[in-house]
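Structure, as structure tokens:
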Amino acid sequence: MSARPTPFADRDDLAVHGHWLLARLGKRVLRPGGVELTRTLLRESRPTGVGVVELAPGLGRTAGEIIALDPRSYRGVEADPDAARATEQVVAPLGTVVTADAARSGLPDADADVVIGEAMLTMQGEGAKAAIVAEAVRLLRPGGRYAIHELALVPESIAEEVRTDIRRALARSIKLNARPLTVLEWEDLLIGQGLVIDHVRTAPMALLDPMRIIADEGLVGALRFGVNLLRQRDARRRVLAMRATFRAHRSHLRGIALIAHTPQ
Ligand SMILES: C[S@@+](CC[C@H](N)C(=O)[O-])C[C@H]1O[C@@H](n2cnc3c(N)ncnc32)[C@H](O)[C@@H]1O
């Protein structure tokens, strides 16, 4: 793993999406509920011995955990060609990765037992969210499981002005139109495509808190991230701004994991 080149080293610190900035600084876990919520998601989606499709694997951090759980097959669908290559290195020789939009994967109908996607629906608009969930349903066999890990807003009664403030603050700091939903809105998105909800879990949104960074990246990974931050002024400013945004809105943000299945 250490032999791999720094991902996305050619992307501008001031304009690049927040997740690629973090990736470039050495952060591998790029999802709101951290590695613990991912492990819960993997345990409950039961990928061992079955066919798995991962939508938007990014750098392949979860892909590595899926492969370690011994699926029968692994296929990734990633929009970014550099990320697709990074994941391909993690999953070979068992797995493959196609560079494609998750809403139009090109993979066959009803051929997967589990479809997993983390930190990728939040960044889509309403229509694209529904199109990606519909694609996951198309890929799944009857009774197959769809597992997602995303960013949630709490409480359900969150005021429209607060929601708008949060969206604007996230857009400014991560340079991406993140559109988190409330827990019930996430459930409705899946139910609206014919899925049946099995499990819903939430965890604090603590992506850039020091203790979460150590839990997600390990001590060595956390130190590498810290050293890279100290060395790179523009990147450091942006990461501090992202952290300030997450902290300012901490009481309204959660990581959420949902597992649902297609009817038999
Ligand atoms: C925040 S990263 C999350 C990566 C990974 N799932 C994780 O949790 O570490 C978002 C990823 O979603 C990918 N992505 C965004 N929209 C996509 C789409 N419509 N189809 C496929 N991949 C997409 C991005 O290229 C990026 O790799």
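Chain labels run A, B, ... following the order of the structure tokens; each chain numbers its residues from 1, and ligands are numbered from 1 in the order shown.
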Using only C-alpha atoms, what table do you get, as CSV, when you list each residue of range 145-247 of chain A with an atom no more than 9 Å from range 123-134 of chain A, its nearest pair of atoms, and their distance in Å rounded to one decimal, rows by chain then rising number?
```
residue,atom,partner,partner_atom,distance
A:Tyr146,CA,A:Val133,CA,8.7
A:Leu176,CA,A:Met123,CA,6.9
A:Asn177,CA,A:Met123,CA,6.0
A:Ala178,CA,A:Met123,CA,4.4
A:Arg179,CA,A:Met123,CA,5.9
A:Pro180,CA,A:Met123,CA,7.8
A:Leu189,CA,A:Ala130,CA,6.7
A:Leu190,CA,A:Val133,CA,6.8
A:Gly192,CA,A:Ala130,CA,8.3
A:Gln193,CA,A:Ala134,CA,5.9
A:Gly194,CA,A:Ala134,CA,8.8
```
Give me the residues within 6 Å of Gly143 in chain A as an MDAnalysis selection string, counting only C-alpha atoms and dropping any in the same chain fewer than 3 places off. chainID A and resid 261:264
For range 215-218 of chain A: contacts at 9 Å, only C-alpha atoms, fewer than 6 positions along chain excluded, given as a PDB file with C-alpha atoms, in the first residue's frame:
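Result file follows (out28.pdb):
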```pdb
ATOM      1  CA  GLY A  26      -3.361  10.771   3.484  1.00  0.00           C
ATOM      2  CA  LYS A  27      -6.884  10.404   4.871  1.00  0.00           C
ATOM      3  CA  ARG A  28      -8.392   7.159   3.622  1.00  0.00           C
ATOM      4  CA  VAL A  29     -11.745   7.036   5.440  1.00  0.00           C
ATOM      5  CA  GLY A  34     -16.264   6.634  10.292  1.00  0.00           C
ATOM      6  CA  VAL A  35     -14.901   3.139  10.007  1.00  0.00           C
ATOM      7  CA  GLU A  36     -17.034   1.806  12.883  1.00  0.00           C
ATOM      8  CA  LEU A 207     -14.857  13.061  10.441  1.00  0.00           C
ATOM      9  CA  PHE A 225      -2.173  13.204   7.974  1.00  0.00           C
TER      10      PHE A 225
END
```
For chain A versus ligand 1, which residues have an atom no more than 9 Å away, and what is each residue's nearest atom pair and distance in Å rounded to one decimal, using only C-alpha atoms and all ligand atoms, chain-then-number order, as JSON lines?
```
{"residue": "A:His17", "atom": "CA", "partner": "ligand 1", "partner_atom_place_in_ligand_line": "1 (C)", "distance": 8.7}
{"residue": "A:Gly18", "atom": "CA", "partner": "ligand 1", "partner_atom_place_in_ligand_line": "1 (C)", "distance": 7.9}
{"residue": "A:His19", "atom": "CA", "partner": "ligand 1", "partner_atom_place_in_ligand_line": "1 (C)", "distance": 5.0}
{"residue": "A:Trp20", "atom": "CA", "partner": "ligand 1", "partner_atom_place_in_ligand_line": "2 (S)", "distance": 7.6}
{"residue": "A:Arg28", "atom": "CA", "partner": "ligand 1", "partner_atom_place_in_ligand_line": "9 (O)", "distance": 6.6}
{"residue": "A:Val29", "atom": "CA", "partner": "ligand 1", "partner_atom_place_in_ligand_line": "9 (O)", "distance": 5.0}
{"residue": "A:Leu30", "atom": "CA", "partner": "ligand 1", "partner_atom_place_in_ligand_line": "9 (O)", "distance": 4.1}
{"residue": "A:Arg31", "atom": "CA", "partner": "ligand 1", "partner_atom_place_in_ligand_line": "8 (O)", "distance": 4.5}
{"residue": "A:Pro32", "atom": "CA", "partner": "ligand 1", "partner_atom_place_in_ligand_line": "8 (O)", "distance": 8.2}
{"residue": "A:Gly34", "atom": "CA", "partner": "ligand 1", "partner_atom_place_in_ligand_line": "8 (O)", "distance": 8.7}
{"residue": "A:Thr38", "atom": "CA", "partner": "ligand 1", "partner_atom_place_in_ligand_line": "8 (O)", "distance": 8.4}
{"residue": "A:Glu54", "atom": "CA", "partner": "ligand 1", "partner_atom_place_in_ligand_line": "6 (N)", "distance": 8.1}
{"residue": "A:Leu55", "atom": "CA", "partner": "ligand 1", "partner_atom_place_in_ligand_line": "21 (C)", "distance": 6.0}
{"residue": "A:Ala56", "atom": "CA", "partner": "ligand 1", "partner_atom_place_in_ligand_line": "22 (N)", "distance": 3.9}
{"residue": "A:Pro57", "atom": "CA", "partner": "ligand 1", "partner_atom_place_in_ligand_line": "6 (N)", "distance": 4.2}
{"residue": "A:Gly58", "atom": "CA", "partner": "ligand 1", "partner_atom_place_in_ligand_line": "27 (O)", "distance": 3.3}
{"residue": "A:Leu59", "atom": "CA", "partner": "ligand 1", "partner_atom_place_in_ligand_line": "9 (O)", "distance": 6.4}
{"residue": "A:Gly60", "atom": "CA", "partner": "ligand 1", "partner_atom_place_in_ligand_line": "5 (C)", "distance": 6.8}
{"residue": "A:Arg61", "atom": "CA", "partner": "ligand 1", "partner_atom_place_in_ligand_line": "9 (O)", "distance": 6.0}
{"residue": "A:Thr62", "atom": "CA", "partner": "ligand 1", "partner_atom_place_in_ligand_line": "9 (O)", "distance": 6.6}
{"residue": "A:Ala63", "atom": "CA", "partner": "ligand 1", "partner_atom_place_in_ligand_line": "6 (N)", "distance": 8.7}
{"residue": "A:Val77", "atom": "CA", "partner": "ligand 1", "partner_atom_place_in_ligand_line": "21 (C)", "distance": 5.8}
{"residue": "A:Glu78", "atom": "CA", "partner": "ligand 1", "partner_atom_place_in_ligand_line": "22 (N)", "distance": 4.1}
{"residue": "A:Ala79", "atom": "CA", "partner": "ligand 1", "partner_atom_place_in_ligand_line": "21 (C)", "distance": 3.9}
{"residue": "A:Asp80", "atom": "CA", "partner": "ligand 1", "partner_atom_place_in_ligand_line": "25 (O)", "distance": 4.4}
{"residue": "A:Pro81", "atom": "CA", "partner": "ligand 1", "partner_atom_place_in_ligand_line": "25 (O)", "distance": 8.0}
{"residue": "A:Asp82", "atom": "CA", "partner": "ligand 1", "partner_atom_place_in_ligand_line": "25 (O)", "distance": 8.7}
{"residue": "A:Ala83", "atom": "CA", "partner": "ligand 1", "partner_atom_place_in_ligand_line": "27 (O)", "distance": 5.9}
{"residue": "A:Ala84", "atom": "CA", "partner": "ligand 1", "partner_atom_place_in_ligand_line": "27 (O)", "distance": 7.8}
{"residue": "A:Thr99", "atom": "CA", "partner": "ligand 1", "partner_atom_place_in_ligand_line": "21 (C)", "distance": 7.7}
{"residue": "A:Ala100", "atom": "CA", "partner": "ligand 1", "partner_atom_place_in_ligand_line": "21 (C)", "distance": 6.0}
{"residue": "A:Asp101", "atom": "CA", "partner": "ligand 1", "partner_atom_place_in_ligand_line": "20 (N)", "distance": 3.7}
{"residue": "A:Ala102", "atom": "CA", "partner": "ligand 1", "partner_atom_place_in_ligand_line": "20 (N)", "distance": 3.7}
{"residue": "A:Ala103", "atom": "CA", "partner": "ligand 1", "partner_atom_place_in_ligand_line": "19 (N)", "distance": 6.2}
{"residue": "A:Arg104", "atom": "CA", "partner": "ligand 1", "partner_atom_place_in_ligand_line": "20 (N)", "distance": 8.2}
{"residue": "A:Ser105", "atom": "CA", "partner": "ligand 1", "partner_atom_place_in_ligand_line": "20 (N)", "distance": 8.1}
{"residue": "A:Ile116", "atom": "CA", "partner": "ligand 1", "partner_atom_place_in_ligand_line": "6 (N)", "distance": 8.7}
{"residue": "A:Gly117", "atom": "CA", "partner": "ligand 1", "partner_atom_place_in_ligand_line": "6 (N)", "distance": 6.0}
{"residue": "A:Glu118", "atom": "CA", "partner": "ligand 1", "partner_atom_place_in_ligand_line": "6 (N)", "distance": 4.2}
{"residue": "A:Ala119", "atom": "CA", "partner": "ligand 1", "partner_atom_place_in_ligand_line": "3 (C)", "distance": 4.7}
{"residue": "A:Met120", "atom": "CA", "partner": "ligand 1", "partner_atom_place_in_ligand_line": "12 (O)", "distance": 4.5}
{"residue": "A:Leu121", "atom": "CA", "partner": "ligand 1", "partner_atom_place_in_ligand_line": "16 (N)", "distance": 7.3}
{"residue": "A:Thr122", "atom": "CA", "partner": "ligand 1", "partner_atom_place_in_ligand_line": "1 (C)", "distance": 8.9}
{"residue": "A:Met123", "atom": "CA", "partner": "ligand 1", "partner_atom_place_in_ligand_line": "16 (N)", "distance": 6.9}
{"residue": "A:Gln124", "atom": "CA", "partner": "ligand 1", "partner_atom_place_in_ligand_line": "16 (N)", "distance": 6.9}
{"residue": "A:Ala128", "atom": "CA", "partner": "ligand 1", "partner_atom_place_in_ligand_line": "19 (N)", "distance": 7.5}
{"residue": "A:Lys129", "atom": "CA", "partner": "ligand 1", "partner_atom_place_in_ligand_line": "19 (N)", "distance": 8.6}
{"residue": "A:Ile132", "atom": "CA", "partner": "ligand 1", "partner_atom_place_in_ligand_line": "19 (N)", "distance": 7.3}
{"residue": "A:His149", "atom": "CA", "partner": "ligand 1", "partner_atom_place_in_ligand_line": "8 (O)", "distance": 7.8}
{"residue": "A:Glu150", "atom": "CA", "partner": "ligand 1", "partner_atom_place_in_ligand_line": "8 (O)", "distance": 8.7}
```
Now that the selection is made, can you save its residues with C-alpha atoms as a PDB file, in the first residue's frame?
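Full text of selection31.pdb as output:
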```
ATOM      1  CA  HIS A  17     -13.548  18.633  -3.614  1.00  0.00           C
ATOM      2  CA  GLY A  18     -13.048  18.163   0.127  1.00  0.00           C
ATOM      3  CA  HIS A  19     -12.791  14.361  -0.059  1.00  0.00           C
ATOM      4  CA  TRP A  20      -9.952  14.508  -2.606  1.00  0.00           C
ATOM      5  CA  ARG A  28      -8.392   7.159   3.622  1.00  0.00           C
ATOM      6  CA  VAL A  29     -11.745   7.036   5.440  1.00  0.00           C
ATOM      7  CA  LEU A  30     -13.906   9.631   3.711  1.00  0.00           C
ATOM      8  CA  ARG A  31     -17.337   8.977   5.103  1.00  0.00           C
ATOM      9  CA  PRO A  32     -19.288  10.695   7.863  1.00  0.00           C
ATOM     10  CA  GLY A  34     -16.264   6.634  10.292  1.00  0.00           C
ATOM     11  CA  THR A  38     -18.831   1.043   7.900  1.00  0.00           C
ATOM     12  CA  GLU A  54     -19.799  -1.225  -4.595  1.00  0.00           C
ATOM     13  CA  LEU A  55     -20.953   2.118  -5.962  1.00  0.00           C
ATOM     14  CA  ALA A  56     -18.350   4.917  -5.728  1.00  0.00           C
ATOM     15  CA  PRO A  57     -15.576   3.062  -3.879  1.00  0.00           C
ATOM     16  CA  GLY A  58     -13.271   6.104  -3.953  1.00  0.00           C
ATOM     17  CA  LEU A  59      -9.775   5.014  -2.947  1.00  0.00           C
ATOM     18  CA  GLY A  60     -10.934   1.510  -2.142  1.00  0.00           C
ATOM     19  CA  ARG A  61     -10.748   1.630   1.661  1.00  0.00           C
ATOM     20  CA  THR A  62     -14.087  -0.167   2.120  1.00  0.00           C
ATOM     21  CA  ALA A  63     -13.353  -2.302  -0.948  1.00  0.00           C
ATOM     22  CA  VAL A  77     -18.529   1.431 -10.191  1.00  0.00           C
ATOM     23  CA  GLU A  78     -16.588   4.685  -9.795  1.00  0.00           C
ATOM     24  CA  ALA A  79     -17.028   7.940 -11.741  1.00  0.00           C
ATOM     25  CA  ASP A  80     -13.482   9.199 -11.206  1.00  0.00           C
ATOM     26  CA  PRO A  81     -10.906   7.331 -13.333  1.00  0.00           C
ATOM     27  CA  ASP A  82      -8.009   7.905 -10.882  1.00  0.00           C
ATOM     28  CA  ALA A  83     -10.109   6.597  -8.003  1.00  0.00           C
ATOM     29  CA  ALA A  84     -11.264   3.639 -10.113  1.00  0.00           C
ATOM     30  CA  THR A  99     -15.378   3.853 -14.592  1.00  0.00           C
ATOM     31  CA  ALA A 100     -19.024   4.877 -14.891  1.00  0.00           C
ATOM     32  CA  ASP A 101     -21.814   6.906 -13.344  1.00  0.00           C
ATOM     33  CA  ALA A 102     -23.457   4.866 -10.596  1.00  0.00           C
ATOM     34  CA  ALA A 103     -26.847   5.693 -12.121  1.00  0.00           C
ATOM     35  CA  ARG A 104     -25.813   3.932 -15.377  1.00  0.00           C
ATOM     36  CA  SER A 105     -23.355   1.259 -14.316  1.00  0.00           C
ATOM     37  CA  ILE A 116     -22.982  -0.981  -1.120  1.00  0.00           C
ATOM     38  CA  GLY A 117     -22.467   2.762  -1.471  1.00  0.00           C
ATOM     39  CA  GLU A 118     -20.895   5.160   1.018  1.00  0.00           C
ATOM     40  CA  ALA A 119     -20.685   8.956   1.047  1.00  0.00           C
ATOM     41  CA  MET A 120     -21.884   9.271  -2.521  1.00  0.00           C
ATOM     42  CA  LEU A 121     -25.646   9.861  -2.488  1.00  0.00           C
ATOM     43  CA  THR A 122     -25.356  12.909  -0.218  1.00  0.00           C
ATOM     44  CA  MET A 123     -23.464  14.757  -2.938  1.00  0.00           C
ATOM     45  CA  GLN A 124     -26.212  14.212  -5.559  1.00  0.00           C
ATOM     46  CA  ALA A 128     -29.671  11.754  -9.230  1.00  0.00           C
ATOM     47  CA  LYS A 129     -30.189  10.266  -5.749  1.00  0.00           C
ATOM     48  CA  ILE A 132     -28.747   5.805  -8.295  1.00  0.00           C
ATOM     49  CA  HIS A 149     -23.656   5.165   4.628  1.00  0.00           C
ATOM     50  CA  GLU A 150     -24.410   8.861   4.239  1.00  0.00           C
TER      51      GLU A 150
END
```
For Arg247 in chain A, work out the shell of residues within 10 Å, counting only C-alpha atoms and skipping chain neighbours fewer than 5 positions away, then give it as an mmCIF file with all heavy atoms, in the first residue's frame.
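Just written: result-v4.cif:
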```cif
data_model
loop_
_atom_site.group_PDB
_atom_site.id
_atom_site.type_symbol
_atom_site.label_atom_id
_atom_site.label_comp_id
_atom_site.auth_asym_id
_atom_site.auth_seq_id
_atom_site.Cartn_x
_atom_site.Cartn_y
_atom_site.Cartn_z
ATOM 1 N N MET A 205 -21.178 12.702 13.562
ATOM 2 C CA MET A 205 -20.415 13.158 12.395
ATOM 3 C C MET A 205 -19.145 13.807 12.953
ATOM 4 O O MET A 205 -19.163 14.950 13.389
ATOM 5 C CB MET A 205 -21.270 14.165 11.614
ATOM 6 C CG MET A 205 -20.530 15.019 10.615
ATOM 7 S SD MET A 205 -19.526 14.046 9.496
ATOM 8 C CE MET A 205 -18.920 15.333 8.426
ATOM 9 N N ALA A 206 -18.068 13.028 12.990
ATOM 10 C CA ALA A 206 -16.847 13.499 13.655
ATOM 11 C C ALA A 206 -15.637 13.288 12.745
ATOM 12 O O ALA A 206 -14.533 13.041 13.223
ATOM 13 C CB ALA A 206 -16.682 12.745 14.977
ATOM 14 N N LEU A 207 -15.871 13.400 11.438
ATOM 15 C CA LEU A 207 -14.857 13.061 10.441
ATOM 16 C C LEU A 207 -13.483 13.667 10.726
ATOM 17 O O LEU A 207 -12.463 13.017 10.523
ATOM 18 C CB LEU A 207 -15.351 13.531 9.059
ATOM 19 C CG LEU A 207 -14.524 13.165 7.852
ATOM 20 C CD1 LEU A 207 -14.594 11.666 7.586
ATOM 21 C CD2 LEU A 207 -15.012 13.920 6.606
ATOM 22 N N LEU A 208 -13.471 14.920 11.203
ATOM 23 C CA LEU A 208 -12.167 15.585 11.382
ATOM 24 C C LEU A 208 -11.824 15.818 12.850
ATOM 25 O O LEU A 208 -10.952 16.627 13.161
ATOM 26 C CB LEU A 208 -12.148 16.907 10.589
ATOM 27 C CG LEU A 208 -12.171 16.700 9.064
ATOM 28 C CD1 LEU A 208 -12.238 18.031 8.331
ATOM 29 C CD2 LEU A 208 -10.951 15.906 8.588
ATOM 30 N N ASP A 209 -12.475 15.116 13.757
ATOM 31 C CA ASP A 209 -12.087 15.202 15.168
ATOM 32 C C ASP A 209 -10.869 14.309 15.392
ATOM 33 O O ASP A 209 -10.814 13.187 14.858
ATOM 34 C CB ASP A 209 -13.221 14.722 16.077
ATOM 35 C CG ASP A 209 -14.317 15.770 16.178
ATOM 36 O OD1 ASP A 209 -14.199 16.806 15.493
ATOM 37 O OD2 ASP A 209 -15.284 15.537 16.924
ATOM 38 N N ALA A 241 -11.109 24.914 7.861
ATOM 39 C CA ALA A 241 -12.435 25.494 7.548
ATOM 40 C C ALA A 241 -13.487 24.391 7.488
ATOM 41 O O ALA A 241 -14.619 24.558 7.978
ATOM 42 C CB ALA A 241 -12.376 26.251 6.229
ATOM 43 N N MET A 242 -13.123 23.238 6.919
ATOM 44 C CA MET A 242 -14.076 22.115 6.881
ATOM 45 C C MET A 242 -14.409 21.669 8.298
ATOM 46 O O MET A 242 -15.576 21.451 8.635
ATOM 47 C CB MET A 242 -13.473 20.940 6.084
ATOM 48 C CG MET A 242 -13.509 21.144 4.586
ATOM 49 S SD MET A 242 -12.407 20.025 3.676
ATOM 50 C CE MET A 242 -13.080 18.459 4.038
ATOM 51 N N HIS A 252 -26.647 19.151 14.325
ATOM 52 C CA HIS A 252 -27.624 18.802 13.281
ATOM 53 C C HIS A 252 -27.117 17.752 12.304
ATOM 54 O O HIS A 252 -27.831 17.406 11.360
ATOM 55 C CB HIS A 252 -28.006 20.058 12.485
ATOM 56 C CG HIS A 252 -28.809 21.029 13.277
ATOM 57 N ND1 HIS A 252 -30.067 20.746 13.741
ATOM 58 C CD2 HIS A 252 -28.527 22.274 13.715
ATOM 59 C CE1 HIS A 252 -30.526 21.772 14.423
ATOM 60 N NE2 HIS A 252 -29.611 22.713 14.430
ATOM 61 N N LEU A 253 -25.871 17.292 12.468
ATOM 62 C CA LEU A 253 -25.300 16.361 11.487
ATOM 63 C C LEU A 253 -25.017 15.009 12.132
ATOM 64 O O LEU A 253 -24.502 14.948 13.254
ATOM 65 C CB LEU A 253 -23.984 16.925 10.910
ATOM 66 C CG LEU A 253 -24.094 18.183 10.046
ATOM 67 C CD1 LEU A 253 -22.694 18.703 9.674
ATOM 68 C CD2 LEU A 253 -24.911 17.916 8.786
#
```
Give me the residues within 8 Å of Glu88 in chain A as JSON, numbers by chain, counting only C-alpha atoms and dropping any in the same chain fewer than 6 places off. {"A": [60, 95, 96, 97]}
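CA of Thr48 in chain A is positioned 18.3 Å from CA of Asp198 in chain A.
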Could you pull out the helix (DSSP H, G or I) residues of range 59-121 of chain A from DSSP and send them as number ranges by chain? A: 61-68, 81-91, 102-104
Near range 257-260 of chain A, 8 Å: range 198-239 of chain A residue rows, closest pairs, only C-alpha atoms, as a tab-separated table:
```
residue	atom	partner	partner_atom	distance
A:Asp198	CA	A:Ala260	CA	5.1
A:His199	CA	A:Ile259	CA	5.1
A:Val200	CA	A:Leu258	CA	4.6
A:Arg201	CA	A:Ala257	CA	5.2
A:Thr202	CA	A:Ala257	CA	6.2
```
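For Asp70 in chain A, the set of protein, DNA and RNA residues having any atom at most 12 Å away, when counting only C-alpha atoms and skipping those fewer than 6 positions along the same chain, is Leu42, Arg46, Pro47, Thr48, Gly49, Val50, Gly51, Val52, Ala63, Gly64, Val91, Leu94 and Gly95 of chain A.
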Across A:Pro93, A:Gly76, A:Pro142, A:Gly255, the smallest distance to Ala203 in chain A, with only C-alpha atoms counted, is shown by A:Gly255
One-decimal distance in Å that lies between CA of Leu25 in chain A and CA of His249 in chain A: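 Going from CA of His249 in chain A over to CA of Leu25 in chain A, I get 23.8 Å.
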Nearest to Gly221 in chain A by atom-to-atom distance, counting only C-alpha atoms, from A:Val98, A:Ala23, A:Ile197, A:Val162: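 Nearest candidate to Gly221 in chain A out of A:Val98, A:Ala23, A:Ile197, A:Val162: A:Ala23.
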Calculate how many Å separate CA of Asp111 in chain A from CA of Leu181 in chain A, rounding to one decimal.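 Between these atoms lies a distance of 29.1 Å.
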Which is closest to Ala244 in chain A among A:Ala169, A:Ala68, A:Val115, A:Leu229, if we use only C-alpha atoms?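 So, comparing all the options, the nearest one is A:Ala169.
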Can you tell me which residues surround Arg236 in chain A at a distance of at most 12 Å, considering only C-alpha atoms, apart from same-chain residues fewer than 3 positions away, and format the answer as a PDB file with N, CA, C and O atoms, in the first residue's frame?
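Wrote it out as result-v3.pdb, contents follow:
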```pdb
ATOM      1  N   ASP A  13      -5.269  22.603  -4.376  1.00  0.00           N
ATOM      2  CA  ASP A  13      -5.701  22.624  -2.973  1.00  0.00           C
ATOM      3  C   ASP A  13      -6.909  23.517  -2.714  1.00  0.00           C
ATOM      4  O   ASP A  13      -7.700  23.259  -1.830  1.00  0.00           O
ATOM      5  N   LEU A  14      -7.002  24.617  -3.458  1.00  0.00           N
ATOM      6  CA  LEU A  14      -8.044  25.588  -3.133  1.00  0.00           C
ATOM      7  C   LEU A  14      -9.394  25.227  -3.737  1.00  0.00           C
ATOM      8  O   LEU A  14     -10.420  25.647  -3.240  1.00  0.00           O
ATOM      9  N   GLY A  18     -13.613  18.438  -1.196  1.00  0.00           N
ATOM     10  CA  GLY A  18     -13.048  18.163   0.127  1.00  0.00           C
ATOM     11  C   GLY A  18     -12.527  16.751   0.288  1.00  0.00           C
ATOM     12  O   GLY A  18     -11.477  16.535   0.892  1.00  0.00           O
ATOM     13  N   LEU A  21      -9.172  16.415  -1.311  1.00  0.00           N
ATOM     14  CA  LEU A  21      -8.151  17.131  -0.535  1.00  0.00           C
ATOM     15  C   LEU A  21      -7.703  16.251   0.642  1.00  0.00           C
ATOM     16  O   LEU A  21      -6.505  16.060   0.884  1.00  0.00           O
ATOM     17  N   LEU A  22      -8.678  15.669   1.342  1.00  0.00           N
ATOM     18  CA  LEU A  22      -8.342  14.806   2.484  1.00  0.00           C
ATOM     19  C   LEU A  22      -7.568  13.576   2.015  1.00  0.00           C
ATOM     20  O   LEU A  22      -6.597  13.158   2.649  1.00  0.00           O
ATOM     21  N   ARG A  24      -5.639  13.311  -0.517  1.00  0.00           N
ATOM     22  CA  ARG A  24      -4.277  13.696  -0.879  1.00  0.00           C
ATOM     23  C   ARG A  24      -3.392  13.882   0.353  1.00  0.00           C
ATOM     24  O   ARG A  24      -2.183  13.670   0.308  1.00  0.00           O
ATOM     25  N   LEU A  25      -4.025  14.277   1.460  1.00  0.00           N
ATOM     26  CA  LEU A  25      -3.263  14.468   2.699  1.00  0.00           C
ATOM     27  C   LEU A  25      -3.063  13.151   3.445  1.00  0.00           C
ATOM     28  O   LEU A  25      -2.487  13.131   4.524  1.00  0.00           O
ATOM     29  N   PHE A 225      -1.211  12.155   8.336  1.00  0.00           N
ATOM     30  CA  PHE A 225      -2.173  13.204   7.974  1.00  0.00           C
ATOM     31  C   PHE A 225      -1.777  14.524   8.655  1.00  0.00           C
ATOM     32  O   PHE A 225      -1.741  15.587   8.028  1.00  0.00           O
ATOM     33  N   GLY A 226      -1.421  14.442   9.957  1.00  0.00           N
ATOM     34  CA  GLY A 226      -1.036  15.640  10.707  1.00  0.00           C
ATOM     35  C   GLY A 226       0.210  16.303  10.116  1.00  0.00           C
ATOM     36  O   GLY A 226       0.258  17.523   9.945  1.00  0.00           O
ATOM     37  N   VAL A 227       1.202  15.490   9.783  1.00  0.00           N
ATOM     38  CA  VAL A 227       2.462  16.032   9.223  1.00  0.00           C
ATOM     39  C   VAL A 227       2.174  16.686   7.871  1.00  0.00           C
ATOM     40  O   VAL A 227       2.639  17.800   7.580  1.00  0.00           O
ATOM     41  N   ASN A 228       1.378  16.023   7.033  1.00  0.00           N
ATOM     42  CA  ASN A 228       1.039  16.603   5.726  1.00  0.00           C
ATOM     43  C   ASN A 228       0.314  17.935   5.895  1.00  0.00           C
ATOM     44  O   ASN A 228       0.558  18.886   5.152  1.00  0.00           O
ATOM     45  N   LEU A 229      -0.564  18.001   6.900  1.00  0.00           N
ATOM     46  CA  LEU A 229      -1.286  19.253   7.152  1.00  0.00           C
ATOM     47  C   LEU A 229      -0.324  20.372   7.550  1.00  0.00           C
ATOM     48  O   LEU A 229      -0.443  21.502   7.087  1.00  0.00           O
ATOM     49  N   LEU A 230       0.636  20.022   8.417  1.00  0.00           N
ATOM     50  CA  LEU A 230       1.584  21.040   8.873  1.00  0.00           C
ATOM     51  C   LEU A 230       2.418  21.588   7.720  1.00  0.00           C
ATOM     52  O   LEU A 230       2.768  22.759   7.688  1.00  0.00           O
ATOM     53  N   ARG A 231       2.690  20.723   6.758  1.00  0.00           N
ATOM     54  CA  ARG A 231       3.573  21.119   5.650  1.00  0.00           C
ATOM     55  C   ARG A 231       2.865  21.919   4.557  1.00  0.00           C
ATOM     56  O   ARG A 231       3.528  22.553   3.752  1.00  0.00           O
ATOM     57  N   GLN A 232       1.527  21.819   4.498  1.00  0.00           N
ATOM     58  CA  GLN A 232       0.832  22.377   3.332  1.00  0.00           C
ATOM     59  C   GLN A 232      -0.174  23.438   3.780  1.00  0.00           C
ATOM     60  O   GLN A 232      -1.266  23.101   4.247  1.00  0.00           O
ATOM     61  N   ARG A 233       0.237  24.714   3.627  1.00  0.00           N
ATOM     62  CA  ARG A 233      -0.545  25.802   4.208  1.00  0.00           C
ATOM     63  C   ARG A 233      -1.961  25.915   3.624  1.00  0.00           C
ATOM     64  O   ARG A 233      -2.936  26.006   4.351  1.00  0.00           O
ATOM     65  N   VAL A 239      -8.751  22.489   5.359  1.00  0.00           N
ATOM     66  CA  VAL A 239      -9.182  21.423   6.279  1.00  0.00           C
ATOM     67  C   VAL A 239      -9.711  22.045   7.580  1.00  0.00           C
ATOM     68  O   VAL A 239     -10.731  21.602   8.119  1.00  0.00           O
ATOM     69  N   LEU A 240      -9.049  23.089   8.052  1.00  0.00           N
ATOM     70  CA  LEU A 240      -9.531  23.736   9.285  1.00  0.00           C
ATOM     71  C   LEU A 240     -10.911  24.362   9.056  1.00  0.00           C
ATOM     72  O   LEU A 240     -11.773  24.313   9.927  1.00  0.00           O
ATOM     73  N   ALA A 241     -11.109  24.914   7.861  1.00  0.00           N
ATOM     74  CA  ALA A 241     -12.435  25.494   7.548  1.00  0.00           C
ATOM     75  C   ALA A 241     -13.487  24.391   7.488  1.00  0.00           C
ATOM     76  O   ALA A 241     -14.619  24.558   7.978  1.00  0.00           O
ATOM     77  N   MET A 242     -13.123  23.238   6.919  1.00  0.00           N
ATOM     78  CA  MET A 242     -14.076  22.115   6.881  1.00  0.00           C
ATOM     79  C   MET A 242     -14.409  21.669   8.298  1.00  0.00           C
ATOM     80  O   MET A 242     -15.576  21.451   8.635  1.00  0.00           O
ATOM     81  N   ARG A 243     -13.368  21.554   9.113  1.00  0.00           N
ATOM     82  CA  ARG A 243     -13.611  21.094  10.481  1.00  0.00           C
ATOM     83  C   ARG A 243     -14.496  22.092  11.243  1.00  0.00           C
ATOM     84  O   ARG A 243     -15.402  21.713  11.977  1.00  0.00           O
TER      85      ARG A 243
END
```
Can you tell me, as a VMD selection string, which residues in range 50-206 of chain A count as strand (DSSP E) by DSSP? chain A and resid 51 to 55 73 to 78 96 to 99 112 to 118 140 to 153 181 to 182 196 to 204
